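Heads up: the structure comes next, in structure tokens.
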Amino acid sequence: MTNGFILWSLTLYLLAWLFWRDARRRQDELATVVRSIIPDVLLVTDATGKVWMCNPAVQAMFGYTPQEALQCPTDALLQDRPVAGTEHEIYEQMRRAGYEVRPATGIRKDGARFPVEITTARLLEQNGSVTLVRDITERRRVEQLRRTSPTY
């Protein structure tokens, strides 16, 4: 009876360790993906809009360390505004699939504002969302130059 109990305990311990190792491997893979999305910022938020995961690019774009950003509500980083004008077909397809792409205003730690494009997807199994933030300052500058430069 004691040998059976020891064998059963060792079997359970081995299974628990295998599950833990697999979960840890998946967590490490996810962390690698999140860190590699640079220069864009990846924000994962809960249902209240509080950031609970972000990549290190948040520091270059917003001026917050990743640890500071985890304490921020998304309202401290982004100010949404409605999309003006006609959207491209791809945006409408993404919206039907549960993604939303729109312009917004980024807010740096020092209060400076800058144009961003955000792509947001709802998390299916949790109440929250994943948002990819791209600084479009340079894109806007080039668009302005095109509008103001004479055509030949």
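In the structure tokens, each chain is lettered A, B, ... as it comes, each chain's residues begin at 1, and ligands are numbered from 1 in order of appearance.
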Point to revise | Near-Asp75 in chain A list (10 Å; only C-alpha atoms; drop same-chain fewer than 6 positions) as a list of chain:residue names | key: A:Gly49, A:Lys50, A:Gly106, A:Ile107
**Study point:** All residues 10 Å or closer to Gly111 in chain A, only C-alpha atoms, same chain fewer than 2 positions away omitted, as a ChimeraX atom specification
**Key:** /A:62-63,76-77,106-109,113-114
Exercise for review: Step one, run DSSP on the backbone; step two, keep only residues of range 91-149 of chain A assigned to strand (DSSP E); then write them as a PyMOL selection string.
Suggested key: chain A and resi 99-107+113-122+128-135
Written selection (N, CA, C and O atoms) as an mmCIF file, in the first residue's frame:
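Written out: result.cif:
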data_model
loop_
_atom_site.group_PDB
_atom_site.id
_atom_site.type_symbol
_atom_site.label_atom_id
_atom_site.label_comp_id
_atom_site.auth_asym_id
_atom_site.auth_seq_id
_atom_site.Cartn_x
_atom_site.Cartn_y
_atom_site.Cartn_z
ATOM 1 N N TYR A 99 -11.854 43.564 -35.017
ATOM 2 C CA TYR A 99 -10.736 44.483 -34.845
ATOM 3 C C TYR A 99 -11.199 45.890 -35.211
ATOM 4 O O TYR A 99 -12.090 46.068 -36.031
ATOM 5 N N GLU A 100 -10.563 46.867 -34.632
ATOM 6 C CA GLU A 100 -10.888 48.235 -34.957
ATOM 7 C C GLU A 100 -9.591 49.004 -35.149
ATOM 8 O O GLU A 100 -8.676 48.913 -34.329
ATOM 9 N N VAL A 101 -9.484 49.737 -36.249
ATOM 10 C CA VAL A 101 -8.319 50.564 -36.529
ATOM 11 C C VAL A 101 -8.809 51.999 -36.616
ATOM 12 O O VAL A 101 -9.752 52.282 -37.353
ATOM 13 N N ARG A 102 -8.170 52.889 -35.853
ATOM 14 C CA ARG A 102 -8.607 54.286 -35.887
ATOM 15 C C ARG A 102 -7.482 55.193 -35.401
ATOM 16 O O ARG A 102 -6.592 54.759 -34.678
ATOM 17 N N PRO A 103 -7.565 56.461 -35.781
ATOM 18 C CA PRO A 103 -6.592 57.415 -35.255
ATOM 19 C C PRO A 103 -6.940 57.768 -33.817
ATOM 20 O O PRO A 103 -8.091 57.651 -33.389
ATOM 21 N N ALA A 104 -5.945 58.202 -33.092
ATOM 22 C CA ALA A 104 -6.132 58.656 -31.719
ATOM 23 C C ALA A 104 -5.001 59.628 -31.413
ATOM 24 O O ALA A 104 -4.146 59.889 -32.259
ATOM 25 N N THR A 105 -5.002 60.145 -30.229
ATOM 26 C CA THR A 105 -3.941 61.039 -29.786
ATOM 27 C C THR A 105 -3.208 60.368 -28.637
ATOM 28 O O THR A 105 -3.837 59.969 -27.656
ATOM 29 N N GLY A 106 -1.893 60.224 -28.788
ATOM 30 C CA GLY A 106 -1.073 59.691 -27.706
ATOM 31 C C GLY A 106 -0.734 60.797 -26.729
ATOM 32 O O GLY A 106 -0.594 61.960 -27.120
ATOM 33 N N ILE A 107 -0.601 60.444 -25.466
ATOM 34 C CA ILE A 107 -0.262 61.419 -24.434
ATOM 35 C C ILE A 107 0.985 60.918 -23.707
ATOM 36 O O ILE A 107 0.940 59.883 -23.046
ATOM 37 N N ARG A 113 1.379 65.750 -26.660
ATOM 38 C CA ARG A 113 0.431 64.948 -27.444
ATOM 39 C C ARG A 113 0.991 64.716 -28.842
ATOM 40 O O ARG A 113 1.682 65.567 -29.381
ATOM 41 N N PHE A 114 0.675 63.566 -29.411
ATOM 42 C CA PHE A 114 1.180 63.201 -30.728
ATOM 43 C C PHE A 114 0.182 62.255 -31.395
ATOM 44 O O PHE A 114 -0.565 61.549 -30.726
ATOM 45 N N PRO A 115 0.151 62.237 -32.746
ATOM 46 C CA PRO A 115 -0.809 61.393 -33.447
ATOM 47 C C PRO A 115 -0.387 59.928 -33.448
ATOM 48 O O PRO A 115 0.779 59.607 -33.647
ATOM 49 N N VAL A 116 -1.355 59.055 -33.205
ATOM 50 C CA VAL A 116 -1.113 57.615 -33.241
ATOM 51 C C VAL A 116 -2.248 56.945 -34.009
ATOM 52 O O VAL A 116 -3.318 57.529 -34.210
ATOM 53 N N GLU A 117 -1.980 55.744 -34.442
ATOM 54 C CA GLU A 117 -3.010 54.880 -35.012
ATOM 55 C C GLU A 117 -3.095 53.678 -34.091
ATOM 56 O O GLU A 117 -2.063 53.107 -33.736
ATOM 57 N N ILE A 118 -4.308 53.339 -33.695
ATOM 58 C CA ILE A 118 -4.461 52.203 -32.795
ATOM 59 C C ILE A 118 -5.267 51.109 -33.474
ATOM 60 O O ILE A 118 -6.221 51.372 -34.190
ATOM 61 N N THR A 119 -4.835 49.889 -33.251
ATOM 62 C CA THR A 119 -5.554 48.702 -33.703
ATOM 63 C C THR A 119 -5.945 47.952 -32.438
ATOM 64 O O THR A 119 -5.085 47.589 -31.647
ATOM 65 N N THR A 120 -7.235 47.767 -32.260
ATOM 66 C CA THR A 120 -7.748 47.157 -31.040
ATOM 67 C C THR A 120 -8.536 45.903 -31.353
ATOM 68 O O THR A 120 -9.305 45.876 -32.306
ATOM 69 N N ALA A 121 -8.343 44.890 -30.536
ATOM 70 C CA ALA A 121 -9.115 43.654 -30.637
ATOM 71 C C ALA A 121 -9.584 43.278 -29.240
ATOM 72 O O ALA A 121 -8.840 43.421 -28.277
ATOM 73 N N ARG A 122 -10.813 42.827 -29.165
ATOM 74 C CA ARG A 122 -11.342 42.371 -27.876
ATOM 75 C C ARG A 122 -10.768 41.008 -27.535
ATOM 76 O O ARG A 122 -10.562 40.177 -28.409
ATOM 77 N N GLY A 128 -11.570 42.454 -21.754
ATOM 78 C CA GLY A 128 -10.440 43.337 -21.939
ATOM 79 C C GLY A 128 -10.127 43.447 -23.412
ATOM 80 O O GLY A 128 -10.922 43.039 -24.265
ATOM 81 N N SER A 129 -8.979 43.995 -23.720
ATOM 82 C CA SER A 129 -8.615 44.149 -25.122
ATOM 83 C C SER A 129 -7.102 44.161 -25.289
ATOM 84 O O SER A 129 -6.353 44.340 -24.339
ATOM 85 N N VAL A 130 -6.697 43.975 -26.538
ATOM 86 C CA VAL A 130 -5.304 44.096 -26.936
ATOM 87 C C VAL A 130 -5.256 45.263 -27.907
ATOM 88 O O VAL A 130 -6.046 45.335 -28.844
ATOM 89 N N THR A 131 -4.338 46.190 -27.659
ATOM 90 C CA THR A 131 -4.226 47.377 -28.508
ATOM 91 C C THR A 131 -2.790 47.532 -28.974
ATOM 92 O O THR A 131 -1.857 47.494 -28.176
ATOM 93 N N LEU A 132 -2.630 47.701 -30.287
ATOM 94 C CA LEU A 132 -1.336 47.978 -30.886
ATOM 95 C C LEU A 132 -1.323 49.463 -31.218
ATOM 96 O O LEU A 132 -2.223 49.956 -31.904
ATOM 97 N N VAL A 133 -0.327 50.179 -30.721
ATOM 98 C CA VAL A 133 -0.248 51.631 -30.896
ATOM 99 C C VAL A 133 0.944 51.952 -31.785
ATOM 100 O O VAL A 133 2.068 51.534 -31.500
ATOM 101 N N ARG A 134 0.692 52.721 -32.847
ATOM 102 C CA ARG A 134 1.755 53.112 -33.779
ATOM 103 C C ARG A 134 1.814 54.637 -33.846
ATOM 104 O O ARG A 134 0.799 55.282 -34.097
ATOM 105 N N ASP A 135 2.992 55.191 -33.620
ATOM 106 C CA ASP A 135 3.200 56.637 -33.739
ATOM 107 C C ASP A 135 3.177 56.984 -35.230
ATOM 108 O O ASP A 135 3.953 56.441 -36.008
#
**Study point:** For CA of Ile136 in chain A and CA of Ala47 in chain A, the interatomic separation in Å (one decimal)
**Key:**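 Between CA of Ile136 in chain A and CA of Ala47 in chain A the gap is 26.7 Å.
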Review point. Among chain A, which ones does DSSP place in alpha helix (DSSP H), written as a PyMOL selection string?
Key: chain A and resi 2-36+57-62+66-69+89-96+137-148
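CA of Gln79 in chain A sits 20.5 Å away from CA of Asn127 in chain A.
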Point to revise | Residues within 12 Å of Thr65 in chain A, only C-alpha atoms, excluding chain neighbours under 5 positions, as an MDAnalysis selection string | key: chainID A and resid 53:60 70:72 108:109
